[in-house]
Every structure is written in structure tokens, then in C-alpha cells.
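Okay, entry20.pdb is below, PDB, C-alpha atoms:
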ATOM      1  CA  MET J   1     250.163-116.385 112.831
ATOM      2  CA  ALA J   2     252.201-119.326 111.571
ATOM      3  CA  GLY J   3     254.456-118.925 114.617
ATOM      4  CA  GLY J   4     251.425-119.270 116.879
ATOM      5  CA  ILE J   5     250.173-122.364 115.066
ATOM      6  CA  PHE J   6     253.570-124.065 115.373
ATOM      7  CA  ALA J   7     253.686-122.974 119.030
ATOM      8  CA  ILE J   8     250.354-124.710 119.681
ATOM      9  CA  GLN J   9     251.792-127.866 118.117
ATOM     10  CA  HIS J  10     254.888-127.561 120.309
ATOM     11  CA  LEU J  11     252.834-127.289 123.497
ATOM     12  CA  ARG J  12     250.586-130.183 122.449
ATOM     13  CA  THR J  13     253.380-132.577 121.472
ATOM     14  CA  ARG J  14     256.501-131.215 123.272
ATOM     15  CA  ASP J  15     258.258-131.740 119.924
ATOM     16  CA  ARG J  16     261.131-129.221 119.815
ATOM     17  CA  SER J  17     261.030-129.106 116.026
ATOM     18  CA  TYR J  18     257.753-127.173 116.273
ATOM     19  CA  ASP J  19     259.459-124.692 118.592
ATOM     20  CA  LEU J  20     262.166-124.147 115.980
ATOM     21  CA  LYS J  21     259.552-123.754 113.231
ATOM     22  CA  SER J  22     257.697-121.199 115.346
ATOM     23  CA  TYR J  23     260.893-119.263 116.063
ATOM     24  CA  VAL J  24     261.867-119.123 112.382
ATOM     25  CA  ALA J  25     258.341-118.129 111.286
ATOM     26  CA  ILE J  26     258.327-115.224 113.739
ATOM     27  CA  HIS J  27     261.836-114.211 112.684
ATOM     28  CA  MET J  28     260.837-114.152 109.003
ATOM     29  CA  SER J  29     257.622-112.278 109.813
ATOM     30  CA  LEU J  30     259.576-109.576 111.629
ATOM     31  CA  ILE J  31     261.866-109.106 108.637
ATOM     32  CA  LEU J  32     258.907-108.745 106.255
ATOM     33  CA  ALA J  33     257.113-106.437 108.709
ATOM     34  CA  VAL J  34     260.134-104.104 108.831
ATOM     35  CA  GLY J  35     259.977-104.009 105.033
ATOM     36  CA  ALA J  36     256.245-103.202 105.182
ATOM     37  CA  LEU J  37     256.797-100.408 107.706
ATOM     38  CA  ILE J  38     259.603 -98.839 105.679
ATOM     39  CA  THR J  39     257.998 -99.106 102.241
ATOM     40  CA  GLY J  40     254.604 -98.111 103.646
ATOM     41  CA  SER J  41     256.078 -94.944 105.126
ATOM     42  CA  ILE J  42     257.800 -94.101 101.846
ATOM     43  CA  TRP J  43     254.558 -94.670  99.946
ATOM     44  CA  ALA J  44     252.568 -92.589 102.484
ATOM     45  CA  ARG J  45     255.012 -89.691 102.192
ATOM     46  CA  GLY J  46     254.619 -89.628  98.423
ATOM     47  CA  PHE J  47     250.846 -90.109  98.442
ATOM     48  CA  TRP J  48     249.649 -88.187 101.524
ATOM     49  CA  GLY J  49     252.637 -85.966 102.290
ATOM     50  CA  HIS J  50     253.203 -87.582 105.716
ATOM     51  CA  TRP J  51     255.618 -90.320 106.743
ATOM     52  CA  TRP J  52     253.282 -91.469 109.499
ATOM     53  CA  LEU J  53     249.875 -90.537 110.916
ATOM     54  CA  TRP J  54     249.392 -91.394 114.583
ATOM     55  CA  ASP J  55     245.613 -91.021 114.394
ATOM     56  CA  GLU J  56     245.319 -93.690 111.677
ATOM     57  CA  PRO J  57     244.117 -96.986 113.271
ATOM     58  CA  THR J  58     245.570 -99.162 110.487
ATOM     59  CA  LEU J  59     249.085 -97.806 110.934
ATOM     60  CA  VAL J  60     249.117 -97.714 114.720
ATOM     61  CA  SER J  61     247.590-101.159 115.186
ATOM     62  CA  PHE J  62     250.120-102.697 112.761
ATOM     63  CA  LEU J  63     252.929-101.003 114.689
ATOM     64  CA  ILE J  64     251.564-102.354 117.992
ATOM     65  CA  VAL J  65     251.440-105.921 116.654
ATOM     66  CA  PHE J  66     254.945-105.476 115.183
ATOM     67  CA  LEU J  67     256.320-104.257 118.530
ATOM     68  CA  LEU J  68     254.597-107.130 120.320
ATOM     69  CA  TYR J  69     256.374-109.617 118.068
ATOM     70  CA  ALA J  70     259.635-107.669 118.377
ATOM     71  CA  THR J  71     259.655-108.488 122.103
ATOM     72  CA  TYR J  72     259.595-112.227 121.315
ATOM     73  CA  GLN J  73     263.346-112.683 120.881
ATOM     74  CA  PRO J  74     264.441-110.684 123.953
ATOM     75  CA  LEU J  75     261.949-112.680 126.017
ATOM     76  CA  ARG J  76     263.096-115.955 124.513
ATOM     77  CA  PHE J  77     266.810-115.383 125.000
ATOM     78  CA  SER J  78     266.431-114.065 128.542
ATOM     79  CA  ILE J  79     265.623-117.645 129.626
ATOM     80  CA  GLU J  80     268.561-120.033 129.862
ATOM     81  CA  ASP J  81     266.830-123.370 130.435
ATOM     82  CA  PRO J  82     266.028-124.727 126.928
ATOM     83  CA  GLU J  83     262.778-126.423 127.993
ATOM     84  CA  ARG J  84     261.435-123.365 129.801
ATOM     85  CA  GLN J  85     262.652-121.145 126.955
ATOM     86  CA  ALA J  86     260.699-123.174 124.397
ATOM     87  CA  ARG J  87     257.582-123.399 126.570
ATOM     88  CA  TYR J  88     257.452-119.677 127.448
ATOM     89  CA  ALA J  89     258.236-118.670 123.867
ATOM     90  CA  SER J  90     255.405-120.906 122.636
ATOM     91  CA  VAL J  91     252.912-119.368 125.048
ATOM     92  CA  PHE J  92     254.023-115.880 124.009
ATOM     93  CA  ALA J  93     253.783-116.784 120.299
ATOM     94  CA  ILE J  94     250.214-118.031 120.790
ATOM     95  CA  VAL J  95     249.156-114.891 122.669
ATOM     96  CA  ALA J  96     250.813-112.639 120.079
ATOM     97  CA  GLY J  97     249.258-114.686 117.277
ATOM     98  CA  THR J  98     245.772-114.009 118.618
ATOM     99  CA  PHE J  99     246.392-110.293 118.155
ATOM    100  CA  VAL J 100     246.727-110.684 114.361
ATOM    101  CA  PRO J 101     243.054-111.513 113.619
ATOM    102  CA  LEU J 102     241.908-109.226 116.458
ATOM    103  CA  ASN J 103     243.921-106.419 114.875
ATOM    104  CA  PHE J 104     242.363-107.103 111.481
ATOM    105  CA  MET J 105     238.836-107.003 112.928
ATOM    106  CA  ALA J 106     239.507-103.885 115.024
ATOM    107  CA  VAL J 107     240.817-101.992 112.011
ATOM    108  CA  ARG J 108     237.742-103.013 109.984
ATOM    109  CA  MET J 109     235.433-101.722 112.719
ATOM    110  CA  ALA J 110     237.353 -98.460 113.251
ATOM    111  CA  THR J 111     236.286 -95.243 111.623
ATOM    112  CA  GLU J 112     237.839 -94.838 108.198
ATOM    113  CA  LYS J 113     240.552 -92.194 108.282
ATOM    114  CA  THR J 114     243.319 -91.944 105.704
ATOM    115  CA  HIS J 115     243.297 -95.575 104.554
ATOM    116  CA  PRO J 116     240.257 -96.529 102.496
ATOM    117  CA  ARG J 117     238.713 -99.929 103.203
ATOM    118  CA  THR J 118     239.794-101.769 100.068
ATOM    119  CA  LEU J 119     239.286-105.403 101.078
ATOM    120  CA  THR J 120     235.522-105.091 100.872
ATOM    121  CA  ALA J 121     233.064-105.643  98.046
ATOM    122  CA  GLY J 122     233.470-102.854  95.525
ATOM    123  CA  GLY J 123     236.611-101.559  97.241
ATOM    124  CA  MET J 124     238.968-102.267  94.343
ATOM    125  CA  PRO J 125     238.519-102.670  90.584
ATOM    126  CA  ALA J 126     238.911-106.216  89.186
ATOM    127  CA  GLU J 127     242.371-105.560  87.702
ATOM    128  CA  VAL J 128     243.595-104.338  91.086
ATOM    129  CA  TRP J 129     242.280-107.514  92.746
ATOM    130  CA  THR J 130     244.312-109.537  90.252
ATOM    131  CA  THR J 131     247.438-107.544  91.080
ATOM    132  CA  PHE J 132     246.695-107.900  94.804
ATOM    133  CA  PHE J 133     246.392-111.701  94.604
ATOM    134  CA  VAL J 134     249.519-112.054  92.449
ATOM    135  CA  ALA J 135     251.457-109.938  94.961
ATOM    136  CA  LEU J 136     249.974-111.916  97.880
ATOM    137  CA  VAL J 137     251.032-115.209  96.307
ATOM    138  CA  GLY J 138     254.505-113.775  95.588
ATOM    139  CA  VAL J 139     255.046-112.582  99.162
ATOM    140  CA  THR J 140     253.734-115.893 100.532
ATOM    141  CA  LEU J 141     256.157-117.828  98.329
ATOM    142  CA  LEU J 142     258.990-115.514  99.406
ATOM    143  CA  PHE J 143     258.110-116.126 103.054
ATOM    144  CA  VAL J 144     257.985-119.912 102.623
ATOM    145  CA  THR J 145     261.254-119.943 100.665
ATOM    146  CA  LEU J 146     263.100-117.829 103.228
ATOM    147  CA  TRP J 147     261.590-119.906 106.038
ATOM    148  CA  LYS J 148     262.839-123.131 104.449
ATOM    149  CA  TYR J 149     266.332-121.672 103.910
ATOM    150  CA  GLU J 150     266.583-120.546 107.503
ATOM    151  CA  MET J 151     265.330-123.921 108.755
ATOM    152  CA  ALA J 152     267.972-125.659 106.635
ATOM    153  CA  ALA J 153     270.659-123.282 107.925
ATOM    154  CA  LYS J 154     269.655-123.947 111.557
ATOM    155  CA  HIS J 155     269.752-127.713 111.021
ATOM    156  CA  THR J 156     273.112-127.482 109.239
ATOM    157  CA  ARG J 157     274.550-125.341 112.047
ATOM    158  CA  PHE J 158     273.340-127.899 114.599
ATOM    159  CA  GLU J 159     274.912-130.748 112.650
ATOM    160  CA  LEU J 160     278.232-128.880 112.423
ATOM    161  CA  LYS J 161     278.240-128.248 116.179
ATOM    162  CA  SER J 162     277.504-131.903 116.765
ATOM    163  CA  LEU J 163     280.341-133.002 114.463
ATOM    164  CA  ARG J 164     282.787-130.575 116.137
ATOM    165  CA  ARG J 165     281.899-131.950 119.545
ATOM    166  CA  ARG J 166     282.470-135.489 118.318
ATOM    167  CA  LEU J 167     285.850-134.521 116.866
ATOM    168  CA  THR J 168     286.985-132.831 120.072
ATOM    169  CA  GLY J 169     285.655-135.684 122.208
ATOM    170  CA  ASP J 170     283.269-133.454 124.132
ATOM    171  CA  SER J 171     281.016-135.630 126.285
ATOM    172  CA  GLY J 172     278.129-133.145 126.058
ATOM    173  CA  ASP J 173     277.279-134.321 122.536
ATOM    174  CA  PRO J 174     273.617-133.622 121.854
ATOM    175  CA  ALA J 175     271.535-136.045 119.881
ATOM    176  CA  PRO J 176     271.219-135.205 116.182
ATOM    177  CA  PRO J 177     267.966-133.503 115.227
ATOM    178  CA  THR J 178     265.129-135.918 114.740
ATOM    179  CA  ARG J 179     261.429-135.482 114.526
ATOM    180  CA  SER J 180     261.199-135.282 118.314
ATOM    181  CA  ALA J 181     264.459-133.472 119.116
ATOM    182  CA  ALA J 182     265.022-130.224 117.234
ATOM    183  CA  PRO J 183     268.114-128.137 117.781
ATOM    184  CA  GLN J 184     268.004-125.501 120.477
ATOM    185  CA  VAL J 185     267.280-122.104 119.003
ATOM    186  CA  THR J 186     270.237-119.749 119.267
ATOM    187  CA  ALA J 187     270.672-116.314 117.828
TER     188      ALA J 187
END

Is it possible to express this structure as C-alpha cells?
Amino acid sequence: MAGGIFAIQHLRTRDRSYDLKSYVAIHMSLILAVGALITGSIWARGFWGHWWLWDEPTLVSFLIVFLLYATYQPLRFSIEDPERQARYASVFAIVAGTFVPLNFMAVRMATEKTHPRTLTAGGMPAEVWTTFFVALVGVTLLFVTLWKYEMAAKHTRFELKSLRRRLTGDSGDPAPPTRSAAPQVTA
């Protein structure tokens, strides 16, 4: 959802730094989602004896949202014009971001199958809630830390490209990143 929020800011202000923030947030989310899919399947195999259950709304809806976000980068990099690329990617990030709360609500309204509804009153004992919140804070801090490192790496890469162009005398020297001009997102 953070990618969608930054995308809204990008469309409102046309500030390319928000586009970069959105791109990095979605990239980090995909990495963590792959981890959730893999570890969730391992846990399910040990607990329920199945790697995956296709009739389970929680699993399938998470996979659908994951696949929706997985199409973000191919869409983004199929567009060559940087302005159009940023604009289309922002619109896509907003649309995909709306599926996150819709997915959460749809799963809550679906018939309970394999997954018990634990995020409700009386769903988990108090000590489990404590563990849940500690883990939630830990994963959030991991996300923010990785996001900041990738943002710093993107800015450093842009600065190095800019310095190389200056050294070689290339006339196509882009302006250094400022608040209003973020580097173009490249894979």
C-alpha cells in the first residue's frame, strides 16, 4: 500500500522522487511477499500436510494480489518515455494498492476454511498477540530499513552516472537528484 500512497503523491505533485519511492516500496514488498509465500507453504505442509490449498480464500487472494504486483515491473519497463513510465506506473500502483484492503475485507467475509480467523476478538491468546505485535514491528522495521538502503543505492547509482557523464564530457548530463527531480528508475 505504501507504493500506492507514494504514487498518489507523484500524480498530485509530478515530483519524480515520489515515483522512485513508490517503485522501491513495491520492489521491497514483492521480496517480502515471496518470503511469505515460501515460508507459508513450508508451514502449511508441516501443519496441514499440504503445500497449498486452492480452495482456501486467504491463500488464493494473497497469491492474486502478489501476481498483480508482480506485473508492475514488466509494465513499467515496457514504456520507454520516462514521464509516461512514471505516470502509468503510478496509476497501476494506485489500482493495485486498492486491492490490498479489498483483499483483507473479502477474506474476512469469506467462509472460514483451513485458516482460522485469528485477528478477531478472542481469536488469539494474549501472549500470542504480544508475539504477533513484536513480529509485526520487526517486519515493519526490516521493510523500512531495506527501503532506505535501496533508496540510498539508487541515489548513489544516479550520482555515479552523473559524475561519469561529466568526466567523459557527455552533453546529456542529467540534473542531480533534488526534491523535484528524482533519478529515473532503472532495473

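Among the candidate residues J:Pro57, J:Ile42, J:Ala110, J:Ala2, the one lying nearest to Thr140 (chain J) is J:Ala2, with distances computed using only C-alpha atoms.
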
Discussion item. Here's the selection I'm unsure about, the PyMOL selection byres ((chain J and resi 92-106) around 8); applied to the file above, which residues does it give, as a PyMOL selection string?
Written reply: chain J and resi 1-5+7-8+22+61-62+65+68-69+72+88-91+107-110

Item to complete: Tell me which protein, DNA and RNA residues are within 9 Å of Arg76 (chain J), counting only C-alpha atoms, leaving out same-chain ones fewer than 2 positions away, and put them as a list of chain:residue names.
Response: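 The filter keeps J:Thr71, J:Tyr72, J:Gln73, J:Pro74, J:Ser78, J:Ile79, J:Glu80, J:Gln85, J:Ala86, J:Tyr88, J:Ala89.
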
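Note that CA of Trp51 (chain J) and CA of Ile38 (chain J) are 9.5 Å apart.
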
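Minimum distance to Gly40 (chain J) across J:Leu167, J:Leu59, J:Val139, J:Ile26 (counting all atoms listed in the file) occurs at J:Leu59.
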
Worksheet item: In terms of the shortest atom-to-atom distance over only C-alpha atoms, which of J:Ser41, J:Thr168, J:Thr131, J:Ser17 is closest to Lys154 (chain J)?
Response: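 Result for the nearest residue to Lys154 (chain J): J:Ser17.
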
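Across the structure, CA of Leu160 (chain J) and CA of Leu11 (chain J) are spaced 27.8 Å apart.
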
Discussion item. Between CA of Ala126 (chain J) and CA of Trp52 (chain J), what is the distance in Å, rounded to a tenth?
Written reply: 28.9 Å

Practice prompt. Identify which of the residues J:Thr58, J:Glu127, J:Met28, J:Gly169 lies closest to Thr145 (chain J), counting all atoms listed in the file when measuring atom-to-atom distances.
Written response: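 Comparing J:Thr58, J:Glu127, J:Met28, J:Gly169 against Thr145 (chain J), the winner is J:Met28.
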
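Candidate residues J:Met151, J:Leu163, J:Ala70, J:Val134 were compared for distance to Ile31 (chain J), and the nearest is J:Ala70, using only C-alpha atoms.
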
Discussion item. Could you check the closest approach to Glu150 (chain J) for each of J:Leu75, J:Trp54, J:Arg12, J:His27 and tell me which residue wins, using all atoms listed in the file?
Written reply: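 Closest candidate: J:His27.
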
Discussion item. Counting only C-alpha atoms, which residues have an atom no more than 10 Å from (261.2, -128.2, 126.8) in the file's coordinates? Please list them as a list in words.
Written reply: His10, Leu11, Arg14, Asp15, Arg16, Asp19, Asp81, Pro82, Glu83, Arg84, Gln85, Ala86, Arg87, Tyr88, Ala181 and Gln184 of chain J

Each side padded by 8 Å, which centre and which edge lengths in Å (one decimal) define the axis-aligned box around the listed atoms of region 133-145 of chain J? Give them as AutoDock Vina command-line options.
--center_x 253.8 --center_y -114.9 --center_z 97.8 --size_x 30.9 --size_y 26.0 --size_z 26.6

Please supply region 4-30 of chain J, rebuilt with N, CA, C and O atoms, as a PDB file, in the frame of the given file.
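Wrote selection_26.pdb, looks like this:
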ATOM      1  N   GLY J   4     252.374-118.851 115.849  1.00  0.00           N
ATOM      2  CA  GLY J   4     251.425-119.270 116.879  1.00  0.00           C
ATOM      3  C   GLY J   4     250.905-120.672 116.636  1.00  0.00           C
ATOM      4  O   GLY J   4     250.741-121.454 117.580  1.00  0.00           O
ATOM      5  N   ILE J   5     250.668-121.015 115.387  1.00  0.00           N
ATOM      6  CA  ILE J   5     250.173-122.364 115.066  1.00  0.00           C
ATOM      7  C   ILE J   5     251.237-123.411 115.394  1.00  0.00           C
ATOM      8  O   ILE J   5     250.939-124.452 116.001  1.00  0.00           O
ATOM      9  N   PHE J   6     252.494-123.135 115.019  1.00  0.00           N
ATOM     10  CA  PHE J   6     253.570-124.065 115.373  1.00  0.00           C
ATOM     11  C   PHE J   6     253.757-124.127 116.889  1.00  0.00           C
ATOM     12  O   PHE J   6     254.089-125.178 117.436  1.00  0.00           O
ATOM     13  N   ALA J   7     253.552-122.999 117.571  1.00  0.00           N
ATOM     14  CA  ALA J   7     253.686-122.974 119.030  1.00  0.00           C
ATOM     15  C   ALA J   7     252.619-123.848 119.691  1.00  0.00           C
ATOM     16  O   ALA J   7     252.904-124.549 120.672  1.00  0.00           O
ATOM     17  N   ILE J   8     251.412-123.826 119.152  1.00  0.00           N
ATOM     18  CA  ILE J   8     250.354-124.710 119.681  1.00  0.00           C
ATOM     19  C   ILE J   8     250.783-126.164 119.525  1.00  0.00           C
ATOM     20  O   ILE J   8     250.647-126.970 120.450  1.00  0.00           O
ATOM     21  N   GLN J   9     251.315-126.495 118.354  1.00  0.00           N
ATOM     22  CA  GLN J   9     251.792-127.866 118.117  1.00  0.00           C
ATOM     23  C   GLN J   9     252.909-128.237 119.094  1.00  0.00           C
ATOM     24  O   GLN J   9     252.968-129.358 119.582  1.00  0.00           O
ATOM     25  N   HIS J  10     253.800-127.281 119.370  1.00  0.00           N
ATOM     26  CA  HIS J  10     254.888-127.561 120.309  1.00  0.00           C
ATOM     27  C   HIS J  10     254.339-127.861 121.700  1.00  0.00           C
ATOM     28  O   HIS J  10     254.766-128.822 122.358  1.00  0.00           O
ATOM     29  N   LEU J  11     253.389-127.053 122.163  1.00  0.00           N
ATOM     30  CA  LEU J  11     252.834-127.289 123.497  1.00  0.00           C
ATOM     31  C   LEU J  11     252.025-128.582 123.565  1.00  0.00           C
ATOM     32  O   LEU J  11     252.016-129.245 124.596  1.00  0.00           O
ATOM     33  N   ARG J  12     251.373-128.931 122.471  1.00  0.00           N
ATOM     34  CA  ARG J  12     250.586-130.183 122.449  1.00  0.00           C
ATOM     35  C   ARG J  12     251.477-131.413 122.451  1.00  0.00           C
ATOM     36  O   ARG J  12     251.179-132.402 123.113  1.00  0.00           O
ATOM     37  N   THR J  13     252.576-131.367 121.678  1.00  0.00           N
ATOM     38  CA  THR J  13     253.380-132.577 121.472  1.00  0.00           C
ATOM     39  C   THR J  13     254.715-132.570 122.215  1.00  0.00           C
ATOM     40  O   THR J  13     255.360-133.608 122.307  1.00  0.00           O
ATOM     41  N   ARG J  14     255.162-131.395 122.673  1.00  0.00           N
ATOM     42  CA  ARG J  14     256.501-131.215 123.272  1.00  0.00           C
ATOM     43  C   ARG J  14     257.610-131.527 122.265  1.00  0.00           C
ATOM     44  O   ARG J  14     258.750-131.787 122.627  1.00  0.00           O
ATOM     45  N   ASP J  15     257.296-131.496 121.000  1.00  0.00           N
ATOM     46  CA  ASP J  15     258.258-131.740 119.924  1.00  0.00           C
ATOM     47  C   ASP J  15     259.016-130.448 119.663  1.00  0.00           C
ATOM     48  O   ASP J  15     258.442-129.451 119.217  1.00  0.00           O
ATOM     49  N   ARG J  16     260.326-130.440 119.940  1.00  0.00           N
ATOM     50  CA  ARG J  16     261.131-129.221 119.815  1.00  0.00           C
ATOM     51  C   ARG J  16     261.246-128.725 118.378  1.00  0.00           C
ATOM     52  O   ARG J  16     261.553-127.565 118.155  1.00  0.00           O
ATOM     53  N   SER J  17     260.973-129.575 117.408  1.00  0.00           N
ATOM     54  CA  SER J  17     261.030-129.106 116.026  1.00  0.00           C
ATOM     55  C   SER J  17     259.941-128.063 115.763  1.00  0.00           C
ATOM     56  O   SER J  17     260.144-127.138 114.972  1.00  0.00           O
ATOM     57  N   TYR J  18     258.802-128.180 116.418  1.00  0.00           N
ATOM     58  CA  TYR J  18     257.753-127.173 116.273  1.00  0.00           C
ATOM     59  C   TYR J  18     258.174-125.850 116.897  1.00  0.00           C
ATOM     60  O   TYR J  18     257.817-124.781 116.414  1.00  0.00           O
ATOM     61  N   ASP J  19     258.934-125.915 117.984  1.00  0.00           N
ATOM     62  CA  ASP J  19     259.459-124.692 118.592  1.00  0.00           C
ATOM     63  C   ASP J  19     260.384-123.981 117.616  1.00  0.00           C
ATOM     64  O   ASP J  19     260.310-122.761 117.451  1.00  0.00           O
ATOM     65  N   LEU J  20     261.254-124.736 116.963  1.00  0.00           N
ATOM     66  CA  LEU J  20     262.166-124.147 115.980  1.00  0.00           C
ATOM     67  C   LEU J  20     261.385-123.548 114.806  1.00  0.00           C
ATOM     68  O   LEU J  20     261.678-122.445 114.349  1.00  0.00           O
ATOM     69  N   LYS J  21     260.373-124.261 114.340  1.00  0.00           N
ATOM     70  CA  LYS J  21     259.552-123.754 113.231  1.00  0.00           C
ATOM     71  C   LYS J  21     258.848-122.458 113.628  1.00  0.00           C
ATOM     72  O   LYS J  21     258.771-121.515 112.833  1.00  0.00           O
ATOM     73  N   SER J  22     258.354-122.402 114.846  1.00  0.00           N
ATOM     74  CA  SER J  22     257.697-121.199 115.346  1.00  0.00           C
ATOM     75  C   SER J  22     258.681-120.037 115.410  1.00  0.00           C
ATOM     76  O   SER J  22     258.382-118.925 114.970  1.00  0.00           O
ATOM     77  N   TYR J  23     259.860-120.292 115.953  1.00  0.00           N
ATOM     78  CA  TYR J  23     260.893-119.263 116.063  1.00  0.00           C
ATOM     79  C   TYR J  23     261.252-118.698 114.683  1.00  0.00           C
ATOM     80  O   TYR J  23     261.307-117.487 114.494  1.00  0.00           O
ATOM     81  N   VAL J  24     261.472-119.564 113.721  1.00  0.00           N
ATOM     82  CA  VAL J  24     261.867-119.123 112.382  1.00  0.00           C
ATOM     83  C   VAL J  24     260.717-118.371 111.703  1.00  0.00           C
ATOM     84  O   VAL J  24     260.944-117.357 111.037  1.00  0.00           O
ATOM     85  N   ALA J  25     259.489-118.827 111.884  1.00  0.00           N
ATOM     86  CA  ALA J  25     258.341-118.129 111.286  1.00  0.00           C
ATOM     87  C   ALA J  25     258.222-116.710 111.840  1.00  0.00           C
ATOM     88  O   ALA J  25     257.981-115.758 111.081  1.00  0.00           O
ATOM     89  N   ILE J  26     258.414-116.555 113.141  1.00  0.00           N
ATOM     90  CA  ILE J  26     258.327-115.224 113.739  1.00  0.00           C
ATOM     91  C   ILE J  26     259.492-114.364 113.265  1.00  0.00           C
ATOM     92  O   ILE J  26     259.319-113.178 112.960  1.00  0.00           O
ATOM     93  N   HIS J  27     260.667-114.940 113.171  1.00  0.00           N
ATOM     94  CA  HIS J  27     261.836-114.211 112.684  1.00  0.00           C
ATOM     95  C   HIS J  27     261.602-113.698 111.263  1.00  0.00           C
ATOM     96  O   HIS J  27     261.849-112.528 110.952  1.00  0.00           O
ATOM     97  N   MET J  28     261.114-114.557 110.382  1.00  0.00           N
ATOM     98  CA  MET J  28     260.837-114.152 109.003  1.00  0.00           C
ATOM     99  C   MET J  28     259.728-113.099 108.949  1.00  0.00           C
ATOM    100  O   MET J  28     259.804-112.150 108.169  1.00  0.00           O
ATOM    101  N   SER J  29     258.715-113.247 109.778  1.00  0.00           N
ATOM    102  CA  SER J  29     257.622-112.278 109.813  1.00  0.00           C
ATOM    103  C   SER J  29     258.115-110.904 110.231  1.00  0.00           C
ATOM    104  O   SER J  29     257.669-109.884 109.692  1.00  0.00           O
ATOM    105  N   LEU J  30     259.023-110.861 111.190  1.00  0.00           N
ATOM    106  CA  LEU J  30     259.576-109.576 111.629  1.00  0.00           C
ATOM    107  C   LEU J  30     260.346-108.894 110.500  1.00  0.00           C
ATOM    108  O   LEU J  30     260.246-107.679 110.314  1.00  0.00           O
TER     109      LEU J  30
END
